[in-house]
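run-v2.cif follows (mmCIF, C-alpha atoms):
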data_entry
loop_
_atom_site.label_atom_id
_atom_site.label_comp_id
_atom_site.auth_asym_id
_atom_site.auth_seq_id
_atom_site.Cartn_x
_atom_site.Cartn_y
_atom_site.Cartn_z
CA MET A 295 -90.03 54.97 -81.81
CA GLU A 296 -90.26 58.39 -83.42
CA GLU A 297 -89.99 57.97 -87.20
CA CYS A 298 -87.73 60.63 -88.72
CA PHE A 299 -86.13 61.45 -92.06
CA ARG A 300 -82.86 63.23 -92.85
CA TRP A 301 -83.40 66.45 -94.81
CA TYR A 302 -80.69 68.72 -96.21
CA GLY A 303 -82.69 71.92 -96.09
CA PRO A 304 -84.57 73.91 -98.71
CA GLY A 305 -82.17 72.83 -101.46
CA ASP A 306 -82.71 69.11 -100.84
CA PRO A 307 -84.09 67.32 -103.93
CA VAL A 308 -86.47 65.50 -101.56
CA PRO A 309 -88.99 68.10 -100.34
CA LEU A 310 -90.64 68.04 -96.94
CA ALA A 311 -93.98 67.20 -98.52
CA HIS A 312 -92.56 63.93 -99.87
CA ILE A 313 -91.10 63.10 -96.48
CA ARG A 314 -94.56 63.52 -95.03
CA HIS A 315 -95.84 61.10 -97.71
CA ALA A 316 -93.43 58.51 -96.30
CA GLY A 317 -95.23 58.71 -92.96
CA ALA A 318 -92.34 60.22 -91.03
CA THR A 319 -93.22 62.85 -88.45
CA GLY A 320 -89.76 64.09 -87.44
CA ILE A 321 -87.04 65.87 -89.39
CA VAL A 322 -83.31 65.45 -88.84
CA THR A 323 -81.38 68.42 -90.23
CA ALA A 324 -78.84 71.15 -89.57
CA LEU A 325 -77.96 74.68 -90.59
CA HIS A 326 -75.92 73.48 -93.55
CA ALA A 327 -75.22 77.01 -94.79
CA VAL A 328 -73.10 77.62 -91.66
CA TYR A 329 -70.76 74.67 -91.51
CA ASP A 330 -67.41 76.30 -90.78
CA GLY A 331 -67.52 76.06 -86.98
CA SER A 332 -68.89 79.58 -86.45
CA PRO A 333 -71.96 80.14 -84.23
CA TRP A 334 -75.37 79.36 -85.71
CA PRO A 335 -77.56 82.50 -85.91
CA ILE A 336 -80.79 82.13 -84.00
CA ASP A 337 -82.84 83.88 -86.70
CA GLN A 338 -81.76 81.31 -89.31
CA LEU A 339 -82.54 78.45 -86.92
CA ALA A 340 -85.98 79.88 -86.16
CA ALA A 341 -86.73 80.29 -89.87
CA LEU A 342 -85.66 76.71 -90.64
CA LYS A 343 -87.77 75.35 -87.79
CA ALA A 344 -90.79 77.41 -88.87
CA GLY A 345 -90.51 76.08 -92.43
CA ILE A 346 -90.47 72.49 -91.16
CA GLU A 347 -93.47 73.08 -88.92
CA ALA A 348 -95.38 74.74 -91.76
CA GLU A 349 -95.31 71.35 -93.49
CA GLY A 350 -96.82 69.65 -90.44
CA LEU A 351 -93.51 68.13 -89.31
CA THR A 352 -91.26 68.51 -86.26
CA TRP A 353 -87.54 69.29 -86.20
CA SER A 354 -86.62 66.44 -83.87
CA VAL A 355 -82.84 66.01 -84.11
CA VAL A 356 -79.97 68.33 -85.03
CA GLU A 357 -77.53 66.47 -87.27
CA SER A 358 -75.00 67.85 -86.91
CA ILE A 359 -73.24 70.81 -85.34
CA PRO A 360 -69.84 70.28 -86.96
CA VAL A 361 -66.86 69.88 -84.64
CA HIS A 362 -64.09 72.10 -86.02
CA ASN A 363 -60.76 70.50 -86.81
CA GLN A 364 -59.02 72.76 -84.27
CA ILE A 365 -60.98 70.95 -81.55
CA LYS A 366 -60.00 67.52 -82.87
CA ILE A 367 -56.28 68.31 -83.08
CA ALA A 368 -56.19 70.51 -79.93
CA GLY A 369 -54.96 73.40 -82.04
CA PRO A 370 -54.26 76.93 -80.83
CA GLU A 371 -57.80 78.05 -81.63
CA ARG A 372 -59.51 75.13 -79.88
CA ASP A 373 -61.05 77.21 -77.10
CA ARG A 374 -62.49 79.70 -79.56
CA TYR A 375 -64.22 77.00 -81.56
CA ILE A 376 -65.50 75.24 -78.44
CA GLY A 377 -66.97 78.60 -77.43
CA TYR A 378 -68.68 78.86 -80.82
CA TYR A 379 -70.03 75.34 -80.35
CA LYS A 380 -71.55 76.32 -77.02
CA ASP A 381 -73.07 79.42 -78.68
CA SER A 382 -74.75 77.18 -81.26
CA MET A 383 -76.06 74.88 -78.52
CA ARG A 384 -77.59 77.87 -76.73
CA ALA A 385 -79.16 79.15 -79.95
CA LEU A 386 -80.68 75.72 -80.58
CA ALA A 387 -82.07 75.63 -77.04
CA GLN A 388 -83.76 78.98 -77.60
CA VAL A 389 -85.74 77.53 -80.51
CA GLY A 390 -86.54 74.34 -78.59
CA LEU A 391 -84.00 71.85 -80.03
CA LYS A 392 -82.84 69.27 -77.50
CA THR A 393 -81.15 66.36 -79.34
CA ILE A 394 -77.77 67.06 -80.97
CA CYS A 395 -75.94 64.46 -83.04
CA TYR A 396 -72.26 65.05 -83.88
CA ASN A 397 -69.18 63.08 -84.87
CA PHE A 398 -65.45 63.16 -84.10
CA MET A 399 -64.05 61.63 -87.28
CA PRO A 400 -60.75 63.20 -88.39
CA VAL A 401 -60.46 64.59 -91.95
CA VAL A 402 -63.02 62.30 -93.61
CA ASP A 403 -66.65 61.82 -92.64
CA TRP A 404 -68.54 58.76 -93.87
CA THR A 405 -66.49 57.11 -96.60
CA ARG A 406 -67.33 54.97 -99.62
CA THR A 407 -65.49 54.11 -102.84
CA GLU A 408 -68.56 53.52 -105.02
CA LEU A 409 -71.95 55.25 -105.13
CA ARG A 410 -73.83 53.08 -107.65
CA HIS A 411 -72.94 49.46 -106.94
CA PRO A 412 -75.40 47.14 -108.75
CA MET A 413 -77.43 44.79 -106.58
CA PRO A 414 -78.98 41.51 -107.83
CA ASN A 415 -82.44 43.11 -108.11
CA GLY A 416 -81.16 46.02 -110.22
CA ALA A 417 -81.06 48.54 -107.37
CA LEU A 418 -77.90 50.59 -106.81
CA ALA A 419 -76.11 50.68 -103.46
CA LEU A 420 -73.25 52.49 -101.75
CA ARG A 421 -70.15 50.33 -101.35
CA PHE A 422 -66.71 50.44 -99.74
CA ASP A 423 -64.24 48.32 -101.71
CA ALA A 424 -61.20 47.60 -99.55
CA VAL A 425 -58.97 46.79 -102.52
CA ASP A 426 -59.94 49.95 -104.43
CA PHE A 427 -59.25 51.91 -101.27
CA ALA A 428 -55.79 50.40 -100.82
CA ALA A 429 -54.96 51.00 -104.49
CA TYR A 430 -55.90 54.65 -104.16
CA ASP A 431 -54.20 55.21 -100.80
CA ALA A 432 -50.91 53.52 -101.62
CA PHE A 433 -50.45 54.13 -105.36
CA VAL A 434 -52.51 57.17 -106.38
CA LEU A 435 -52.59 59.37 -103.30
CA LYS A 436 -49.17 57.94 -102.31
CA ARG A 437 -49.74 58.83 -98.68
CA PRO A 438 -46.44 58.73 -96.79
CA GLY A 439 -46.22 55.39 -94.98
CA ALA A 440 -49.32 53.97 -96.65
CA GLU A 441 -47.70 50.81 -97.97
CA GLY A 442 -46.72 49.87 -94.42
CA ASP A 443 -50.40 49.81 -93.42
CA TYR A 444 -51.25 46.91 -95.75
CA THR A 445 -50.19 43.30 -96.05
CA ALA A 446 -48.04 42.22 -98.98
CA ALA A 447 -51.01 40.25 -100.33
CA ARG A 448 -53.28 43.30 -100.19
CA LEU A 449 -50.69 45.45 -101.97
CA THR A 450 -50.44 42.84 -104.72
CA GLU A 451 -54.22 42.90 -105.10
CA ALA A 452 -54.18 46.70 -105.08
CA LYS A 453 -51.59 46.90 -107.87
CA ALA A 454 -53.68 44.56 -110.00
CA ARG A 455 -56.80 46.62 -109.28
CA LEU A 456 -54.99 49.83 -110.20
CA ALA A 457 -54.14 48.37 -113.60
CA LEU A 458 -57.71 47.12 -114.06
CA ARG A 459 -59.37 50.42 -113.16
CA GLY A 460 -56.98 52.59 -115.15
CA PRO A 461 -56.68 56.35 -114.69
CA GLU A 462 -60.35 57.08 -115.39
CA GLY A 463 -61.61 54.45 -112.95
CA MET A 464 -59.27 55.57 -110.19
CA ALA A 465 -60.27 59.19 -110.79
CA ARG A 466 -63.86 58.17 -110.00
CA VAL A 467 -62.71 56.43 -106.82
CA GLU A 468 -60.72 59.52 -105.82
CA HIS A 469 -63.67 61.83 -106.40
CA THR A 470 -65.92 59.63 -104.28
CA LEU A 471 -63.37 59.40 -101.47
CA ILE A 472 -62.25 63.01 -101.07
CA ALA A 473 -64.54 65.38 -102.97
CA GLY A 474 -67.20 65.36 -100.26
CA LEU A 475 -70.38 63.35 -99.63
CA PRO A 476 -73.61 64.53 -97.96
CA ALA A 477 -72.94 65.77 -94.40
CA ALA A 478 -69.19 65.96 -95.01
CA GLU A 479 -67.71 69.08 -93.45
CA ARG A 480 -64.97 69.60 -96.02
CA ASN A 481 -64.01 68.57 -99.54
CA TYR A 482 -60.57 68.43 -101.04
CA ASP A 483 -58.34 68.16 -104.05
CA ARG A 484 -55.44 65.72 -103.75
CA ALA A 485 -52.90 68.25 -102.46
CA GLY A 486 -55.36 69.66 -99.93
CA PHE A 487 -56.24 66.19 -98.75
CA LEU A 488 -52.61 65.27 -98.14
CA ALA A 489 -52.18 68.53 -96.24
CA ALA A 490 -55.20 67.74 -94.07
CA LEU A 491 -53.83 64.27 -93.31
CA SER A 492 -50.49 65.77 -92.31
CA GLU A 493 -52.17 67.65 -89.44
CA TYR A 494 -52.70 64.25 -87.77
CA ARG A 495 -49.18 62.93 -88.37
CA ASP A 496 -48.27 63.16 -84.67
CA ILE A 497 -51.74 62.49 -83.20
CA SER A 498 -52.29 58.99 -81.83
CA ALA A 499 -55.57 57.32 -80.96
CA ALA A 500 -54.87 58.15 -77.30
CA ASP A 501 -54.35 61.81 -78.22
CA LEU A 502 -57.61 61.94 -80.15
CA GLN A 503 -59.41 60.26 -77.24
CA ASP A 504 -57.99 62.92 -74.90
CA ASN A 505 -59.15 65.68 -77.25
CA LEU A 506 -62.64 64.22 -77.37
CA THR A 507 -62.71 63.95 -73.57
CA HIS A 508 -61.68 67.60 -73.25
CA PHE A 509 -64.44 68.61 -75.66
CA LEU A 510 -67.06 66.59 -73.78
CA ARG A 511 -66.05 68.07 -70.43
CA GLN A 512 -66.47 71.52 -71.92
CA ILE A 513 -69.85 71.07 -73.63
CA GLY A 514 -71.40 68.50 -71.27
CA PRO A 515 -72.23 71.01 -68.51
CA VAL A 516 -73.81 73.33 -71.11
CA ALA A 517 -76.00 70.48 -72.37
CA GLU A 518 -77.06 69.73 -68.79
CA GLU A 519 -77.87 73.37 -68.15
CA LEU A 520 -79.96 73.57 -71.33
CA GLY A 521 -81.66 70.19 -70.96
CA GLN A 522 -80.06 68.93 -74.17
CA ARG A 523 -78.94 65.43 -75.17
CA LEU A 524 -75.61 65.04 -76.97
CA CYS A 525 -75.25 61.89 -79.04
CA ILE A 526 -71.99 61.04 -80.78
CA HIS A 527 -72.14 59.20 -84.11
CA PRO A 528 -69.73 56.29 -84.58
CA ASP A 529 -66.95 56.24 -87.15
CA ASP A 530 -68.09 55.19 -90.62
CA PRO A 531 -66.58 52.75 -91.34
CA ALA A 532 -65.56 51.78 -87.84
CA PHE A 533 -61.90 51.19 -88.61
CA SER A 534 -58.87 53.29 -89.52
CA LEU A 535 -58.64 54.95 -92.93
CA PHE A 536 -55.62 56.76 -94.38
CA GLY A 537 -53.66 55.93 -91.22
CA LEU A 538 -55.95 58.16 -89.14
CA PRO A 539 -56.99 57.31 -85.58
CA ARG A 540 -60.63 56.30 -85.06
CA VAL A 541 -61.99 56.48 -81.50
CA VAL A 542 -65.75 55.86 -81.84
CA SER A 543 -65.76 52.38 -83.36
CA THR A 544 -66.27 49.71 -80.68
CA ALA A 545 -68.16 48.95 -77.49
CA ASP A 546 -65.00 49.80 -75.53
CA ASP A 547 -64.91 53.19 -77.26
CA ALA A 548 -68.54 53.82 -76.29
CA ARG A 549 -67.82 52.90 -72.66
CA ARG A 550 -64.86 55.29 -72.60
CA ILE A 551 -66.91 58.14 -74.09
CA LEU A 552 -69.81 57.71 -71.67
CA ALA A 553 -67.42 57.55 -68.72
CA ALA A 554 -65.51 60.64 -69.89
CA TYR A 555 -68.48 62.80 -68.90
CA ASP A 556 -70.81 60.58 -66.93
CA SER A 557 -74.14 62.30 -67.40
CA PRO A 558 -77.42 61.51 -69.18
CA ALA A 559 -76.66 64.56 -71.31
CA ASN A 560 -73.69 62.68 -72.85
CA GLY A 561 -74.97 59.86 -75.02
CA LEU A 562 -74.79 57.95 -78.27
CA THR A 563 -76.21 57.94 -81.75
CA PHE A 564 -76.59 54.22 -82.33
CA CYS A 565 -75.83 53.73 -86.03
CA THR A 566 -76.24 50.07 -86.90
CA GLY A 567 -74.55 50.55 -90.26
CA SER A 568 -71.40 52.11 -88.82
CA TYR A 569 -71.01 49.79 -85.84
CA GLY A 570 -72.05 46.94 -88.14
CA THR A 571 -68.94 47.27 -90.32
CA ARG A 572 -67.09 45.39 -87.55
CA ALA A 573 -67.87 41.71 -86.90
CA ASP A 574 -66.69 42.08 -83.29
CA ASN A 575 -69.48 44.53 -82.44
CA ASP A 576 -72.50 42.67 -81.01
CA LEU A 577 -75.16 45.25 -81.80
CA PRO A 578 -78.14 43.90 -79.81
CA ALA A 579 -75.86 43.48 -76.79
CA MET A 580 -74.59 47.04 -77.22
CA VAL A 581 -78.15 48.39 -77.24
CA ARG A 582 -78.91 46.53 -74.03
CA GLU A 583 -75.74 47.80 -72.36
CA PHE A 584 -75.88 51.40 -73.51
CA GLY A 585 -79.67 51.77 -73.89
CA PRO A 586 -80.22 54.46 -71.24
CA ARG A 587 -77.72 56.71 -73.05
CA ILE A 588 -78.89 56.07 -76.64
CA HIS A 589 -80.57 59.30 -77.70
CA PHE A 590 -80.91 58.66 -81.44
CA ALA A 591 -80.78 55.67 -83.81
CA HIS A 592 -79.69 55.32 -87.43
CA LEU A 593 -81.14 52.02 -88.57
CA ARG A 594 -79.49 50.69 -91.71
CA ASN A 595 -77.68 47.51 -92.62
CA VAL A 596 -74.43 46.60 -94.32
CA THR A 597 -73.19 43.29 -95.70
CA ARG A 598 -69.60 42.65 -94.66
CA GLU A 599 -67.49 40.92 -97.30
CA ALA A 600 -64.59 38.53 -96.75
CA ASP A 601 -61.88 40.93 -97.98
CA GLY A 602 -62.86 43.81 -95.67
CA SER A 603 -65.22 45.44 -98.15
CA PHE A 604 -68.89 46.09 -97.39
CA HIS A 605 -71.98 47.40 -99.13
CA GLU A 606 -75.25 48.90 -97.98
CA ALA A 607 -77.84 46.13 -97.75
CA ASP A 608 -81.61 46.14 -97.46
CA HIS A 609 -82.58 47.49 -94.06
CA LEU A 610 -83.69 44.01 -92.95
CA GLY A 611 -80.90 42.22 -94.79
CA GLY A 612 -77.14 42.35 -94.35
CA SER A 613 -74.88 41.22 -91.55
CA THR A 614 -76.80 42.76 -88.63
CA ASP A 615 -79.84 41.13 -87.04
CA MET A 616 -82.01 44.23 -87.38
CA PRO A 617 -85.13 42.77 -85.71
CA ALA A 618 -83.03 41.92 -82.64
CA VAL A 619 -81.69 45.49 -82.53
CA ILE A 620 -85.21 46.94 -82.86
CA LEU A 621 -86.49 44.60 -80.13
CA ALA A 622 -83.72 45.81 -77.79
CA LEU A 623 -84.54 49.45 -78.57
CA LEU A 624 -88.25 48.90 -77.94
CA ASP A 625 -87.43 47.20 -74.64
CA GLU A 626 -85.35 50.25 -73.71
CA GLN A 627 -88.28 52.52 -74.53
CA GLU A 628 -90.55 50.51 -72.24
CA ARG A 629 -87.98 50.66 -69.46
CA ARG A 630 -87.79 54.45 -69.84
CA ARG A 631 -91.55 54.82 -69.92
CA ALA A 632 -91.88 52.79 -66.72
CA GLU A 633 -89.19 54.98 -65.18
CA GLY A 634 -91.18 58.09 -66.10
CA ARG A 635 -88.56 59.58 -68.42
CA ALA A 636 -89.88 62.45 -70.52
CA ASP A 637 -87.50 61.41 -73.33
CA TRP A 638 -88.72 57.81 -73.39
CA GLN A 639 -89.27 57.79 -77.17
CA ILE A 640 -86.12 57.23 -79.25
CA PRO A 641 -85.99 59.01 -82.61
CA LEU A 642 -84.89 56.82 -85.51
CA ARG A 643 -84.23 57.39 -89.15
CA PRO A 644 -83.68 55.01 -92.07
CA ASP A 645 -80.34 55.65 -93.70
CA HIS A 646 -78.45 55.14 -96.96
CA GLY A 647 -81.32 53.67 -98.94
CA HIS A 648 -80.73 52.02 -102.29
CA LEU A 649 -81.40 53.87 -105.52
CA LEU A 650 -84.66 52.37 -106.75
CA ALA A 651 -87.16 52.82 -109.57
CA ASP A 652 -87.53 56.40 -110.86
CA ASP A 653 -84.78 57.70 -108.56
CA ILE A 654 -82.11 55.85 -110.59
CA ALA A 655 -82.51 58.20 -113.56
CA LYS A 656 -82.63 61.45 -111.60
CA ASP A 657 -79.75 63.84 -112.25
CA ARG A 658 -79.87 65.55 -108.89
CA ILE A 659 -79.80 63.35 -105.83
CA ASN A 660 -77.75 63.10 -102.64
CA PRO A 661 -75.98 59.70 -102.59
CA GLY A 662 -77.61 57.52 -99.95
CA TYR A 663 -80.47 59.97 -99.46
CA SER A 664 -82.88 59.25 -102.28
CA LEU A 665 -86.57 59.20 -101.41
CA ILE A 666 -87.74 55.78 -102.54
CA GLY A 667 -84.92 53.73 -100.99
CA ARG A 668 -85.37 55.39 -97.60
CA LEU A 669 -89.14 55.16 -97.89
CA ARG A 670 -88.77 51.42 -98.39
CA GLY A 671 -86.37 51.24 -95.46
CA LEU A 672 -88.74 53.13 -93.17
CA ALA A 673 -91.62 50.88 -94.21
CA GLU A 674 -89.55 47.79 -93.36
CA LEU A 675 -88.56 49.20 -89.98
CA ARG A 676 -92.14 50.26 -89.26
CA GLY A 677 -93.38 46.80 -90.22
CA THR A 678 -90.87 45.16 -87.90
CA MET A 679 -91.98 47.36 -85.01
CA ALA A 680 -95.64 46.66 -85.77
CA GLY A 681 -94.97 42.92 -85.90
CA ILE A 682 -93.23 43.02 -82.51
CA ALA A 683 -96.12 45.01 -81.03
CA ALA A 684 -98.68 42.60 -82.42
CA ALA A 685 -96.80 39.55 -81.11
CA ARG A 686 -96.55 41.11 -77.67
CA LYS A 687 -100.23 42.00 -77.63
CA HIS A 688 -101.08 38.44 -78.55
CA GLN A 689 -98.87 37.19 -75.73
CA GLY A 690 -100.24 39.73 -73.25
CA GLU A 691 -96.96 41.66 -72.95
CA PRO A 692 -96.42 45.43 -73.13
CA ALA A 693 -96.31 46.57 -76.77
#
Take the structure in the file and give it back as structure tokens.
Amino acid sequence: MEECFRWYGPGDPVPLAHIRHAGATGIVTALHAVYDGSPWPIDQLAALKAGIEAEGLTWSVVESIPVHNQIKIAGPERDRYIGYYKDSMRALAQVGLKTICYNFMPVVDWTRTELRHPMPNGALALRFDAVDFAAYDAFVLKRPGAEGDYTAARLTEAKARLALRGPEGMARVEHTLIAGLPAAERNYDRAGFLAALSEYRDISAADLQDNLTHFLRQIGPVAEELGQRLCIHPDDPAFSLFGLPRVVSTADDARRILAAYDSPANGLTFCTGSYGTRADNDLPAMVREFGPRIHFAHLRNVTREADGSFHEADHLGGSTDMPAVILALLDEQERRRAEGRADWQIPLRPDHGHLLADDIAKDRINPGYSLIGRLRGLAELRGTMAGIAAARKHQGEPA
């Protein structure tokens, strides 16, 4: 598989030179300075690509062209923003970019309640605490109808947690939830967040699915024309938050999306961490079913907890059988190679590494995107792939 690293552009605390030290050859990035749904200027894309190549690396995956909220809610300006999206796709094609990751999560992007959760070895991890979340949603944000979304037992736990955390602790939870994390398209204060949620008050999961289908049927033909591969990222976490619909969370969702525009240009970003937040997702089986349409892989692991919480685990730890997922992806690569597909190699990136060693004390770091934690993750993934290749060579099978 093609080993890649996420990079947030020239302002990223992790420079390209350090990514090269990690042994990655591909970069996953976007034009983060233009994240309002307007078209991406080709001169800025060309300059970004040239800077990556000057460091001996390749811009392999675009993550992401943001999908404007007007598209998600089928607002009056939907067609204009879909047109802008197509313009950005064409600009990317002109500079040679073929793989485009995107998501269709309403209001919030990836969501955690804690950014520095202590692990037994002293490392710090990202965590989603289901009780903290309920306490914030029901009793701090006071979202209309929130209390009806939780059991009586969970509300009792949430009230106790609210008292335990106190105003200062809940302010930290609020900041983590709504102030914006890396790759988030928007950030909010409390009033702005409630206003954003209200835009989805009358939008059901079926409505959001229809809006995604409309979007795919508009951009899919453009991707085909340009030889590009679209790959939708799953919801993170893969269940409803703040009463919002989530439509990219399960194997059934993936089947529906792939059928909505049935073309190799319409595919998936297979994020093991996002899909892995649900026990009912069989990840190795999903890779084997959807393999021909998996255009990109985020390989990370989460440990699911009994109360609905989860935390980011070691890449080879957690609740997902990562070696089984990697084996299925490598089998898919071999199938593609035998088929003669030019895009036989699947780009991967390690994701949401722990804060380790010297990175813990750094003042400026993107949560989940420190160097050392992802370097460790990439090394573990690389070692797993090398072990599989060596075992197959010993057994006389294709590596």
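Reported to one decimal place, the separation of CA of Trp638 (chain A) from CA of Leu351 (chain A) is 19.6 Å.
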(request) Identify, on the basis of all atoms listed in the file, every residue whose closest approach to Ala311 (chain A) does not exceed 10 Å; exclude the query and any residue fewer than 2 positions from it along the same chain; express the result as a PyMOL selection string. (result) chain A and resi 308-309+313-316+346+349-351
(request) Name all residues at most 12 Å from Arg495 (chain A) (count all atoms listed in the file; drop same-chain ones fewer than 2 positions away) and give them as a VMD selection string. (result) chain A and resid 367 400 to 401 437 to 439 488 to 493 497 to 499 501 to 502 536 to 539
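As for CA of Glu691 (chain A) and CA of Leu623 (chain A), they are spaced 15.7 Å apart.
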Taking the file as shown, find all residues satisfying the PyMOL selection byres ((chain A and resi 682) around 9) and write them as a CSV table (one decimal) with C-alpha atoms, keeping the file's coordinate frame.
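out_2.csv was written with the following content:
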chain,number,residue,atom,x,y,z
A,617,PRO,CA,-85.1,42.8,-85.7
A,620,ILE,CA,-85.2,46.9,-82.9
A,621,LEU,CA,-86.5,44.6,-80.1
A,624,LEU,CA,-88.2,48.9,-77.9
A,677,GLY,CA,-93.4,46.8,-90.2
A,678,THR,CA,-90.9,45.2,-87.9
A,679,MET,CA,-92.0,47.4,-85.0
A,680,ALA,CA,-95.6,46.7,-85.8
A,681,GLY,CA,-95.0,42.9,-85.9
A,683,ALA,CA,-96.1,45.0,-81.0
A,684,ALA,CA,-98.7,42.6,-82.4
A,685,ALA,CA,-96.8,39.6,-81.1
A,686,ARG,CA,-96.6,41.1,-77.7
A,687,LYS,CA,-100.2,42.0,-77.6
A,693,ALA,CA,-96.3,46.6,-76.8
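Proximity ranking of A:His312, A:His508, A:Arg668, A:His326 relative to Pro360 (chain A) places A:His326 first, based on all atoms listed in the file.
Residue neighbourhood of Ile336 (chain A), excluding near-sequence residues (fewer than 4 positions): Ala340, Ala385, Leu386, Gln388 and Val389 of chain A, at 8 Å, using all atoms listed in the file.
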(request) Mind checking which residues fall within 10 Å of Gly377 (chain A), counting only C-alpha atoms, ignoring those fewer than 6 positions away in the same chain, and posting them as a list in words? (result) Gly331, Ser332, Pro333, Met383, Gln512 and Ile513 of chain A
The centre and edge lengths of an axis-aligned box containing all atoms of region 562-568 of chain A present in the file, extended by 4 Å on each side, are to be given in Å to one decimal, as AutoDock Vina command-line options.
--center_x -74.0 --center_y 54.0 --center_z -84.3 --size_x 13.2 --size_y 15.9 --size_z 20.0
(request) One decimal, Å: what's the distance from CA of Arg540 (chain A) over to CA of Ala573 (chain A), could you say? (result) 16.4 Å
(request) Step by step, work through what the PyMOL selection byres ((chain A and resi 417) around 8) selects in the shown file, and finish by giving those residues as a list in words. (result) Pro412, Met413, Pro414, Asn415, Gly416, Leu418, Ala419, His648, Leu649, Leu650 and Ala651 of chain A
(message) Which residues would end up in the selection if the PyMOL selection byres ((chain A and resi 552-555) around 9) were applied here, given that I need the answer as a ChimeraX atom specification?
(response) /A:506-508,510-511,514,547-551,556-562,584,587
(message) Between A:Gly602, A:Gly317, A:Gly486, A:Gly305, which residue has the minimum interatomic distance to Arg448 (chain A), considering all atoms listed in the file?
(response) A:Gly602
(request) Write out as number ranges by chain each polymer residue whose atoms come within 7 Å of Ala591 (chain A), counting only C-alpha atoms; drop sequence neighbours fewer than 2 positions from it. (result) A: 563-565, 593, 641-643
(message) Counting only C-alpha atoms, which residues sit no farther than 7 Å from the position (-69.8, 54.6, -90.4) in the file's frame? I'd like them as a PyMOL selection string.
(response) chain A and resi 404+528-532+567-569
(message) Considering only C-alpha atoms, can you say which of A:Ala545, A:Tyr494, A:Tyr444, A:Pro307 comes closest to Asp657 (chain A)?
(response) A:Pro307
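If you measure from each of A:Arg631, A:Ala457, A:Arg406, A:Ala432 to Ile472 (chain A) using only C-alpha atoms, the closest one turns out to be A:Arg406.
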(request) Give the answer as one residue: which of A:Leu535, A:Ala446, A:Val542, A:Ala517 has the shortest atom-to-atom distance to Ala424 (chain A), using all atoms listed in the file? (result) A:Leu535
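Between Arg466 (chain A) and the candidates A:Arg410, A:Lys453, A:Lys343, A:Arg630, the tightest atom-to-atom separation, counting all atoms listed in the file, involves A:Arg410.
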